[in-house]
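This is protein-v9.txt. It holds compact mmCIF, C-alpha atoms and all ligand atoms.
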# COMPACT_ATOMS: atom_id res chain seq x y z
CA MET A 204 38.91 -195.65 -89.18
CA ALA A 205 41.57 -193.46 -90.78
CA ILE A 206 42.44 -192.17 -94.23
CA LEU A 207 45.97 -193.08 -95.32
CA VAL A 208 47.68 -190.33 -97.33
CA LEU A 209 50.75 -191.59 -99.19
CA GLY A 210 53.08 -188.77 -100.09
CA GLY A 211 51.38 -186.59 -97.45
CA ALA A 212 54.60 -184.60 -96.89
CA GLY A 213 54.66 -183.42 -100.51
CA TYR A 214 53.04 -180.37 -102.03
CA ILE A 215 49.53 -181.54 -102.96
CA GLY A 216 49.55 -184.31 -100.35
CA SER A 217 50.28 -181.93 -97.45
CA HIS A 218 47.53 -179.56 -98.57
CA THR A 219 45.07 -182.47 -98.77
CA VAL A 220 46.01 -183.56 -95.25
CA TYR A 221 45.30 -180.03 -93.97
CA GLU A 222 41.85 -180.07 -95.61
CA LEU A 223 41.08 -183.59 -94.32
CA ILE A 224 41.96 -182.56 -90.76
CA ARG A 225 39.97 -179.35 -91.11
CA ALA A 226 37.01 -181.59 -92.08
CA GLY A 227 37.49 -183.61 -88.86
CA ARG A 228 38.93 -186.76 -90.48
CA GLU A 229 41.46 -189.08 -88.84
CA VAL A 230 44.60 -189.06 -90.99
CA VAL A 231 47.68 -191.28 -91.26
CA VAL A 232 50.52 -189.98 -93.44
CA ALA A 233 53.19 -192.16 -95.04
CA ASP A 234 56.09 -190.56 -96.89
CA ASN A 235 59.69 -191.59 -97.54
CA LEU A 236 60.74 -187.90 -97.28
CA LEU A 237 62.90 -188.17 -100.40
CA THR A 238 61.17 -185.09 -101.79
CA GLY A 239 58.61 -184.32 -99.08
CA PHE A 240 59.17 -182.38 -95.86
CA ARG A 241 58.37 -183.59 -92.33
CA ALA A 242 57.47 -179.98 -91.43
CA ALA A 243 54.75 -179.99 -94.11
CA VAL A 244 52.84 -182.75 -92.31
CA HIS A 245 49.95 -181.49 -90.20
CA PRO A 246 50.75 -182.01 -86.48
CA LYS A 247 47.45 -183.87 -85.97
CA ALA A 248 48.27 -186.54 -88.59
CA ARG A 249 50.04 -189.77 -87.49
CA PHE A 250 53.27 -189.90 -89.47
CA TYR A 251 55.22 -192.93 -90.78
CA GLN A 252 58.47 -192.56 -92.68
CA VAL A 253 58.01 -195.49 -95.07
CA ASP A 254 58.44 -196.18 -98.76
CA ILE A 255 55.46 -197.57 -100.69
CA ARG A 256 57.87 -199.92 -102.48
CA SER A 257 58.58 -201.73 -99.19
CA ARG A 258 55.94 -204.43 -98.67
CA GLU A 259 57.37 -205.01 -95.20
CA GLU A 260 57.02 -201.40 -94.05
CA MET A 261 53.64 -200.94 -95.69
CA GLY A 262 52.41 -204.26 -94.29
CA ALA A 263 53.39 -203.18 -90.77
CA LEU A 264 51.55 -199.88 -91.26
CA PHE A 265 48.37 -201.60 -92.49
CA ASP A 266 48.60 -204.06 -89.56
CA ARG A 267 48.85 -201.25 -87.03
CA GLU A 268 46.29 -198.78 -88.41
CA HIS A 269 42.65 -199.28 -89.36
CA ILE A 270 42.66 -197.80 -92.85
CA ASP A 271 39.38 -197.07 -94.57
CA GLY A 272 40.67 -195.55 -97.79
CA VAL A 273 43.90 -194.47 -99.42
CA ILE A 274 44.86 -191.22 -101.15
CA HIS A 275 48.03 -191.81 -103.12
CA PHE A 276 50.38 -188.96 -104.06
CA ALA A 277 53.68 -190.81 -103.63
CA ALA A 278 55.35 -190.43 -107.03
CA SER A 279 58.06 -188.66 -108.98
CA SER A 280 56.53 -185.80 -110.93
CA GLN A 281 59.03 -183.83 -112.98
CA VAL A 282 58.51 -183.89 -116.72
CA GLY A 283 62.12 -182.97 -117.59
CA GLU A 284 63.67 -185.52 -115.23
CA SER A 285 61.35 -188.23 -116.55
CA MET A 286 62.89 -187.74 -120.00
CA THR A 287 66.48 -188.07 -118.80
CA ASN A 288 65.85 -190.73 -116.12
CA PRO A 289 62.79 -192.72 -117.26
CA LEU A 290 63.63 -195.82 -115.22
CA LYS A 291 63.34 -193.81 -112.00
CA TYR A 292 59.73 -193.09 -113.05
CA TYR A 293 58.97 -196.74 -113.81
CA ASP A 294 60.47 -197.72 -110.47
CA ASN A 295 58.92 -195.10 -108.20
CA ASN A 296 55.58 -194.56 -109.94
CA LEU A 297 54.66 -197.86 -111.52
CA TRP A 298 56.52 -200.36 -109.40
CA GLY A 299 55.73 -198.31 -106.27
CA THR A 300 52.03 -198.47 -107.10
CA THR A 301 52.22 -202.21 -107.81
CA ALA A 302 53.73 -202.86 -104.39
CA LEU A 303 51.16 -200.56 -102.78
CA LEU A 304 48.22 -202.32 -104.46
CA GLU A 305 49.57 -205.68 -103.29
CA SER A 306 49.71 -204.38 -99.71
CA MET A 307 46.19 -202.95 -99.98
CA ILE A 308 44.71 -206.17 -101.33
CA ALA A 309 46.50 -208.25 -98.69
CA HIS A 310 44.91 -206.05 -96.01
CA ASP A 311 41.48 -205.82 -97.65
CA VAL A 312 41.68 -202.06 -98.22
CA LYS A 313 39.84 -201.50 -101.48
CA ARG A 314 39.35 -197.78 -102.12
CA ILE A 315 41.99 -195.52 -103.56
CA VAL A 316 42.10 -191.99 -104.95
CA PHE A 317 45.31 -191.17 -106.74
CA SER A 318 47.17 -188.44 -108.61
CA SER A 319 47.10 -188.76 -112.33
CA THR A 320 47.95 -185.92 -114.66
CA ALA A 321 47.08 -183.91 -117.74
CA ALA A 322 50.34 -185.31 -119.13
CA THR A 323 48.44 -188.56 -119.83
CA TYR A 324 46.90 -186.82 -122.86
CA GLY A 325 50.11 -185.71 -124.56
CA GLU A 326 49.47 -183.23 -127.37
CA PRO A 327 45.68 -182.86 -127.09
CA GLU A 328 43.42 -183.36 -130.10
CA ARG A 329 41.31 -180.40 -128.90
CA VAL A 330 40.89 -178.07 -125.91
CA PRO A 331 39.26 -178.12 -123.45
CA ILE A 332 40.25 -181.75 -123.00
CA LEU A 333 37.62 -184.33 -122.03
CA GLU A 334 38.43 -187.48 -120.05
CA SER A 335 37.37 -189.58 -123.04
CA ASP A 336 39.91 -187.90 -125.37
CA ARG A 337 42.93 -189.72 -126.78
CA THR A 338 45.75 -190.44 -124.32
CA GLU A 339 49.17 -190.45 -125.94
CA PRO A 340 51.76 -189.08 -123.49
CA THR A 341 54.71 -187.11 -124.85
CA ASN A 342 56.81 -187.65 -121.72
CA CYS A 343 57.67 -190.58 -119.49
CA TYR A 344 56.04 -189.02 -116.43
CA GLY A 345 52.65 -189.03 -118.21
CA GLU A 346 53.32 -192.53 -119.55
CA THR A 347 53.83 -193.98 -116.06
CA LYS A 348 50.71 -192.21 -114.74
CA LEU A 349 48.63 -193.61 -117.61
CA ALA A 350 50.07 -197.05 -116.88
CA MET A 351 49.03 -196.60 -113.22
CA GLU A 352 45.46 -195.89 -114.33
CA LYS A 353 45.41 -199.03 -116.47
CA GLU A 354 46.95 -201.08 -113.68
CA MET A 355 44.10 -199.97 -111.39
CA ARG A 356 41.50 -201.09 -113.96
CA TRP A 357 42.91 -204.61 -114.22
CA THR A 358 43.31 -204.79 -110.45
CA GLU A 359 39.67 -203.81 -110.04
CA ARG A 360 38.58 -206.63 -112.32
CA ALA A 361 40.58 -209.22 -110.44
CA HIS A 362 40.28 -207.97 -106.85
CA GLY A 363 37.30 -205.59 -106.68
CA LEU A 364 39.44 -202.60 -105.68
CA ARG A 365 37.72 -199.32 -106.67
CA PHE A 366 39.67 -196.22 -107.67
CA VAL A 367 39.37 -192.60 -108.74
CA ALA A 368 42.19 -191.18 -110.88
CA LEU A 369 42.40 -187.38 -110.76
CA ARG A 370 44.11 -185.90 -113.79
CA TYR A 371 45.48 -182.60 -112.50
CA PHE A 372 46.38 -179.78 -114.76
CA ASN A 373 48.90 -177.30 -113.27
CA ALA A 374 48.77 -177.36 -109.47
CA CYS A 375 49.84 -174.07 -107.88
CA GLY A 376 49.24 -171.64 -105.03
CA ALA A 377 49.37 -172.25 -101.29
CA ILE A 378 46.91 -172.73 -98.45
CA PRO A 379 45.28 -169.33 -97.75
CA SER A 380 46.28 -169.49 -94.04
CA GLY A 381 49.95 -169.48 -95.16
CA GLU A 382 51.02 -172.46 -92.99
CA ILE A 383 52.30 -174.60 -95.86
CA GLY A 384 53.10 -174.13 -99.52
CA GLU A 385 55.07 -175.38 -102.49
CA ALA A 386 58.69 -176.47 -101.93
CA HIS A 387 60.58 -178.68 -104.35
CA ASN A 388 64.28 -179.35 -104.40
CA PRO A 389 65.30 -178.57 -107.04
CA GLU A 390 62.36 -176.37 -108.02
CA THR A 391 61.20 -176.87 -111.61
CA HIS A 392 57.69 -175.41 -111.66
CA LEU A 393 56.90 -172.14 -113.30
CA ILE A 394 55.18 -170.10 -110.58
CA PRO A 395 57.64 -170.80 -107.72
CA LEU A 396 60.55 -170.16 -110.12
CA ILE A 397 59.04 -166.84 -111.21
CA LEU A 398 58.59 -165.83 -107.56
CA GLN A 399 62.26 -166.55 -106.82
CA VAL A 400 63.02 -163.39 -108.82
CA PRO A 401 61.19 -160.89 -106.54
CA ASN A 402 62.49 -162.96 -103.60
CA GLY A 403 66.06 -162.14 -104.64
CA GLN A 404 66.99 -165.80 -105.34
CA ARG A 405 67.10 -165.64 -109.15
CA GLU A 406 67.87 -162.80 -111.54
CA LYS A 407 65.39 -163.71 -114.26
CA ILE A 408 62.91 -166.34 -115.34
CA SER A 409 63.66 -168.59 -118.33
CA VAL A 410 60.79 -168.99 -120.81
CA PHE A 411 61.04 -172.45 -122.39
CA GLY A 412 60.21 -171.78 -126.03
CA ASP A 413 58.39 -168.91 -127.79
CA ASP A 414 57.72 -170.72 -131.07
CA TYR A 415 54.73 -172.81 -130.05
CA PRO A 416 51.50 -172.47 -132.07
CA THR A 417 49.82 -170.32 -129.37
CA LYS A 418 48.78 -166.66 -129.26
CA ASP A 419 52.18 -165.39 -128.00
CA GLY A 420 54.30 -168.44 -128.86
CA THR A 421 54.66 -169.68 -125.26
CA CYS A 422 53.00 -172.76 -123.78
CA ILE A 423 49.44 -172.58 -122.49
CA ARG A 424 48.53 -174.30 -119.22
CA ASP A 425 45.46 -174.48 -116.96
CA TYR A 426 46.52 -173.39 -113.46
CA ILE A 427 44.50 -174.81 -110.57
CA HIS A 428 44.80 -173.92 -106.87
CA VAL A 429 46.19 -176.67 -104.65
CA THR A 430 43.40 -176.26 -102.07
CA ASP A 431 40.82 -176.83 -104.80
CA LEU A 432 42.71 -179.99 -105.78
CA ALA A 433 42.75 -181.06 -102.12
CA GLN A 434 38.96 -180.67 -101.89
CA ALA A 435 38.52 -182.82 -105.00
CA HIS A 436 40.41 -185.70 -103.32
CA ILE A 437 38.10 -185.59 -100.32
CA LEU A 438 35.02 -185.54 -102.56
CA ALA A 439 36.41 -188.43 -104.60
CA LEU A 440 37.08 -190.53 -101.53
CA ASP A 441 33.56 -189.84 -100.20
CA TYR A 442 32.21 -190.79 -103.63
CA LEU A 443 33.99 -194.15 -103.43
CA MET A 444 32.86 -194.67 -99.81
CA GLN A 445 29.28 -194.14 -100.97
CA GLY A 446 29.67 -196.87 -103.58
CA GLY A 447 30.69 -194.76 -106.59
CA LYS A 448 32.20 -196.68 -109.51
CA SER A 449 35.83 -196.39 -110.55
CA ASP A 450 36.41 -193.40 -112.79
CA VAL A 451 38.80 -190.76 -114.10
CA PHE A 452 38.29 -187.00 -113.67
CA ASN A 453 40.09 -183.92 -114.99
CA LEU A 454 40.80 -181.15 -112.49
CA GLY A 455 41.46 -177.70 -113.89
CA ASN A 456 39.81 -174.29 -114.22
CA GLY A 457 39.09 -174.62 -117.93
CA VAL A 458 41.04 -171.44 -118.71
CA GLY A 459 44.49 -171.43 -120.33
CA PHE A 460 47.27 -168.91 -119.67
CA THR A 461 50.50 -168.55 -121.61
CA VAL A 462 53.85 -168.51 -119.80
CA ARG A 463 54.13 -164.80 -120.63
CA GLU A 464 50.69 -164.13 -119.13
CA VAL A 465 51.62 -165.91 -115.91
CA ILE A 466 54.78 -163.78 -115.65
CA ASP A 467 52.67 -160.65 -116.18
CA VAL A 468 50.28 -161.64 -113.39
CA ALA A 469 53.27 -162.25 -111.09
CA ARG A 470 54.65 -158.79 -111.98
CA LYS A 471 51.31 -157.26 -110.98
CA VAL A 472 50.99 -159.25 -107.74
CA THR A 473 54.58 -158.64 -106.56
CA GLY A 474 55.20 -155.17 -108.01
CA HIS A 475 58.58 -156.44 -109.31
CA PRO A 476 59.66 -156.13 -112.99
CA ILE A 477 60.67 -159.86 -113.17
CA PRO A 478 62.98 -159.98 -116.21
CA ALA A 479 62.34 -162.90 -118.59
CA GLU A 480 64.68 -164.60 -121.06
CA ILE A 481 63.59 -166.76 -124.00
CA CYS A 482 65.29 -170.17 -123.91
CA PRO A 483 64.97 -173.35 -126.00
CA ARG A 484 61.91 -175.56 -125.61
CA ARG A 485 61.92 -178.11 -122.77
CA ALA A 486 61.70 -181.73 -123.98
CA GLY A 487 58.28 -183.33 -123.65
CA ASP A 488 56.20 -180.13 -123.26
CA PRO A 489 52.88 -180.07 -125.20
CA ALA A 490 51.92 -176.62 -126.55
CA GLN A 491 48.60 -176.41 -124.83
CA LEU A 492 46.80 -178.18 -121.94
CA VAL A 493 43.39 -176.93 -120.80
CA ALA A 494 40.85 -179.05 -118.93
CA SER A 495 37.17 -179.60 -119.15
CA SER A 496 36.29 -180.39 -115.53
CA GLU A 497 32.54 -180.62 -116.07
CA LYS A 498 32.56 -184.30 -115.15
CA ALA A 499 34.18 -183.66 -111.73
CA LYS A 500 31.70 -180.85 -111.11
CA GLN A 501 28.70 -182.98 -112.03
CA VAL A 502 29.66 -186.36 -110.56
CA LEU A 503 31.73 -185.31 -107.53
CA GLY A 504 30.05 -181.94 -106.88
CA TRP A 505 33.45 -180.20 -107.10
CA LYS A 506 33.43 -176.37 -107.08
CA PRO A 507 36.84 -174.64 -107.34
CA GLN A 508 37.00 -171.71 -104.90
CA TYR A 509 40.21 -170.00 -106.06
CA ALA A 510 39.80 -169.98 -109.83
CA ASP A 511 41.25 -166.52 -110.48
CA LEU A 512 44.96 -166.61 -111.50
CA GLU A 513 45.78 -163.42 -109.59
CA THR A 514 44.34 -164.93 -106.39
CA ILE A 515 46.33 -168.12 -107.02
CA VAL A 516 49.63 -166.29 -107.61
CA ALA A 517 48.96 -164.02 -104.59
CA SER A 518 48.53 -167.09 -102.34
CA ALA A 519 51.81 -168.53 -103.70
CA TRP A 520 53.57 -165.20 -103.16
CA ASN A 521 52.23 -165.03 -99.58
CA TRP A 522 53.96 -168.38 -98.91
CA HIS A 523 57.24 -167.81 -100.78
CA ARG A 524 57.68 -164.25 -99.45
CA THR A 525 57.38 -165.47 -95.87
CA HIS A 526 59.20 -168.81 -96.43
CA PRO A 527 61.97 -168.03 -98.94
CA HIS A 528 63.70 -171.29 -97.97
CA GLY A 529 60.57 -173.42 -98.10
CA PHE A 530 60.39 -175.59 -95.00
CA GLY A 531 63.57 -174.13 -93.63
CA ASP A 532 66.22 -176.55 -94.81
CA GLY A 533 67.98 -173.80 -96.75
CA ARG A 534 68.35 -176.08 -99.76
CA VAL A 535 66.19 -174.11 -102.19
CA LYS A 536 67.87 -174.20 -105.61
N1 LIG B 1 58.24 -173.18 -117.87
C1 LIG B 1 59.05 -172.15 -118.30
N2 LIG B 1 60.14 -171.81 -117.52
C2 LIG B 1 60.44 -172.46 -116.36
C3 LIG B 1 59.58 -173.50 -115.93
C4 LIG B 1 58.49 -173.83 -116.71
O1 LIG B 1 58.84 -171.55 -119.35
O2 LIG B 1 61.45 -172.11 -115.72
C5 LIG B 1 57.07 -173.52 -118.68
C6 LIG B 1 57.01 -174.98 -119.09
O3 LIG B 1 57.70 -175.19 -120.31
C7 LIG B 1 55.50 -175.20 -119.21
C8 LIG B 1 54.90 -174.25 -118.18
O4 LIG B 1 55.93 -173.30 -117.88
O5 LIG B 1 55.05 -174.80 -120.48
C9 LIG B 1 54.51 -174.95 -116.90
O6 LIG B 1 55.59 -175.76 -116.49
P1 LIG B 1 55.62 -176.49 -115.08
O7 LIG B 1 56.94 -177.20 -114.97
O8 LIG B 1 55.29 -175.51 -114.00
O9 LIG B 1 54.41 -177.51 -115.15
P2 LIG B 1 54.07 -178.69 -116.20
O10 LIG B 1 53.24 -178.05 -117.27
O11 LIG B 1 55.34 -179.26 -116.69
O12 LIG B 1 53.27 -179.65 -115.37
Hey, can you dump this file as structure tokens for me?
Amino acid sequence: MAILVLGGAGYIGSHTVYELIRAGREVVVADNLLTGFRAAVHPKARFYQVDIRSREEMGALFDREHIDGVIHFAASSQVGESMTNPLKYYDNNLWGTTALLESMIAHDVKRIVFSSTAATYGEPERVPILESDRTEPTNCYGETKLAMEKEMRWTERAHGLRFVALRYFNACGAIPSGEIGEAHNPETHLIPLILQVPNGQREKISVFGDDYPTKDGTCIRDYIHVTDLAQAHILALDYLMQGGKSDVFNLGNGVGFTVREVIDVARKVTGHPIPAEICPRRAGDPAQLVASSEKAKQVLGWKPQYADLETIVASAWNWHRTHPHGFGDGRVK
């Protein structure tokens, strides 16, 4: 029996596949390669280039493989883009998940772990954020992820499918062995953009807003290492396999860093001055997102191994320094 990883050629998906294979699991990867990279897929995983929105392609995959559980990363995930092109997010994230759930039910596959996000909370009522806190997304990306969570609940009632939704805070870093790392096209995330400066690909980093109600005016985020996120997916799937009930878990380190602080850590790690320029706020950005992950620690037994921001940025730098063009397509923007 195999684990099906949807979006296994993307950033968090590819890292999860590496950890699954390291743990001796049989892995099938499905990815439409619109944003993922074939080279990011572990050579021991069986790869299918399919789109979760295609019932035909997904049906053929489920017919061919014996799938025990699904880990679902296949989604669009850029806050800014979701504000300018919301229908893309409804199509890929919500409609994609609907089609996937139909395929799963038709093939009697009833366990799924999937990527949710801190963006489901919107502007938090307090930090650290608990899973039971108010969810009122301020961007369309978070809105579609929250809708996916609700869709899973109703599907569970009707069809008995059990799920774990993992609300990530800010995923970053790269596998310590350096084989894979973060590569988006175009890149929009803070740490890889900062590291483009010492890599000679960007002159300076833009800071989106310095008038937020935070200690230095820039946004606060909770940065969590991608390998720690990967481990949480494996624990969540095992939890479901052992009969665990459907649930939602935050995944973060519980410590917030401002944009300026992240830039300072990158200066220290790379030894480069990394010039920064203050720019207008980016639409849809809450001032502060910091997780309480006590529930994941208690229920899933999750223990982040790379909690220190300097260690996280150093692992990212190790990847970007040695792979300035990501997976080698030369399209880094
Ligand atoms: N950010 C920034 N400059 C950039 C990219 C991001 O100041 O070039 C800020 C962004 O406004 C947010 C934080 O860095 O406050 C993290 O953004 P990212 O896109 O990495 O993750 P998100 O919080 O959107 O999931």
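Across A:Arg258, A:His387, A:Lys506, A:Lys291, the tightest approach to ligand LIG 1 (chain B) is made by A:His387 when counting all atoms listed in the file.
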**Study point:** Closest of A:Val282, A:Ala243, A:Cys422, A:Ile308 to His392 (chain A) - atom-to-atom distances counting all atoms listed in the file
**Key:**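 With all atoms listed in the file as the atom set, the closest residue is A:Val282.
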Practice item. Write out as a ChimeraX atom specification the residues lying within 8 Å of Gly504 (chain A), counting only C-alpha atoms and excluding same-chain residues fewer than 4 positions away. Key: /A:438,499-500
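If you measure from each of A:Cys375, A:Ile274, A:Val493, A:Ala386 to Ile332 (chain A) using all atoms listed in the file, the closest one turns out to be A:Val493.
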Point to revise | d(CA of Leu503 (chain A), CA of Leu432 (chain A)) in Å | key: 12.3 Å
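Of the residues under consideration (A:Ala242, A:His275, A:Ala494, A:Ala361), A:Ala494 shows the shortest atom-to-atom contact distance to Asp336 (chain A) when counting all atoms listed in the file.
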Practice item. Using all atoms listed in the file, determine which residues lie at most 9 Å from Asp234 (chain A), disregarding the query and same-chain residues fewer than 2 positions distant; provide the list as a PyMOL selection string. Key: chain A and resi 208-213+232+236-241+250-255+277
Review point. If you measure from CA of Ala435 (chain A) to CA of Asp511 (chain A), what distance in Å do you get, rounded to one decimal?
Key: 17.4 Å
Practice item. List every protein, DNA or RNA residue with an atom no more than 6 Å from (62.0, -163.4, -101.6) in the file's coordinates, counting all atoms listed in the file, and format the result as a ChimeraX atom specification. Key: /A:401-403,524,527
Practice item. Can you tell me which residues come within 9 Å of ligand LIG 1 (chain B) when counting all atoms listed in the file, ideally as a PyMOL selection string? Key: chain A and resi 280-283+320-322+371-375+390-397+408-413+421-426+461-463+465+481-482+484-492
Review point. Skipping near chain neighbours, those fewer than 5 positions away, what residues fall within 9 Å of Arg365 (chain A) using all atoms listed in the file, listed as a list of chain:residue names?
Key: A:Lys313, A:Arg314, A:Ile315, A:Val316, A:Met355, A:Arg356, A:Thr358, A:Glu359, A:Leu443, A:Gly446, A:Gly447, A:Lys448, A:Ser449, A:Asp450
Review point. Which residue out of A:Val273, A:Ala439, A:Ala510, A:Leu369 has the minimum interatomic distance to Leu454 (chain A) when only C-alpha atoms are used?
Key: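 Of A:Val273, A:Ala439, A:Ala510, A:Leu369, the one nearest Leu454 (chain A), counting only C-alpha atoms, is A:Leu369.
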Practice item. Between A:Asn288, A:Thr323, A:Met204, A:Arg225, single out the one closest to Phe452 (chain A), counting all atoms listed in the file. Key: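 So, comparing all the options, the nearest one is A:Thr323.
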**Study point:** Between CA of Ala205 (chain A) and CA of Ala233 (chain A), distance in Å (one decimal)
**Key:**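 Computing the Euclidean distance for CA of Ala205 (chain A) and CA of Ala233 (chain A) yields 12.4 Å.
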Check your understanding: Counting all atoms listed in the file, what is within 12 Å of Lys353 (chain A), bar same-chain residues fewer than 6 positions away, as a count of residues only?
Key -> 16
Review point. Which residues come within 7 Å of region 469-475 of chain A, counting only C-alpha atoms, excluding same-chain residues fewer than 6 positions away, as a list in words?
Key: Pro401, Glu513, Val516 and Ala517 of chain A
Listed atoms of region 272-288 of chain A boxed along x, y and z, 5 Å each side, centre and edge lengths in Å, one decimal, as AutoDock Vina command-line options:
--center_x 53.6 --center_y -189.3 --center_z -108.9 --size_x 35.8 --size_y 22.6 --size_z 32.2
Review point. If I put a ball of radius 8 Å at (46.0, -179.7, -86.3) in the file's coordinates, which residues poke into it when counting only C-alpha atoms, written as a count of residues only?
Key: 7
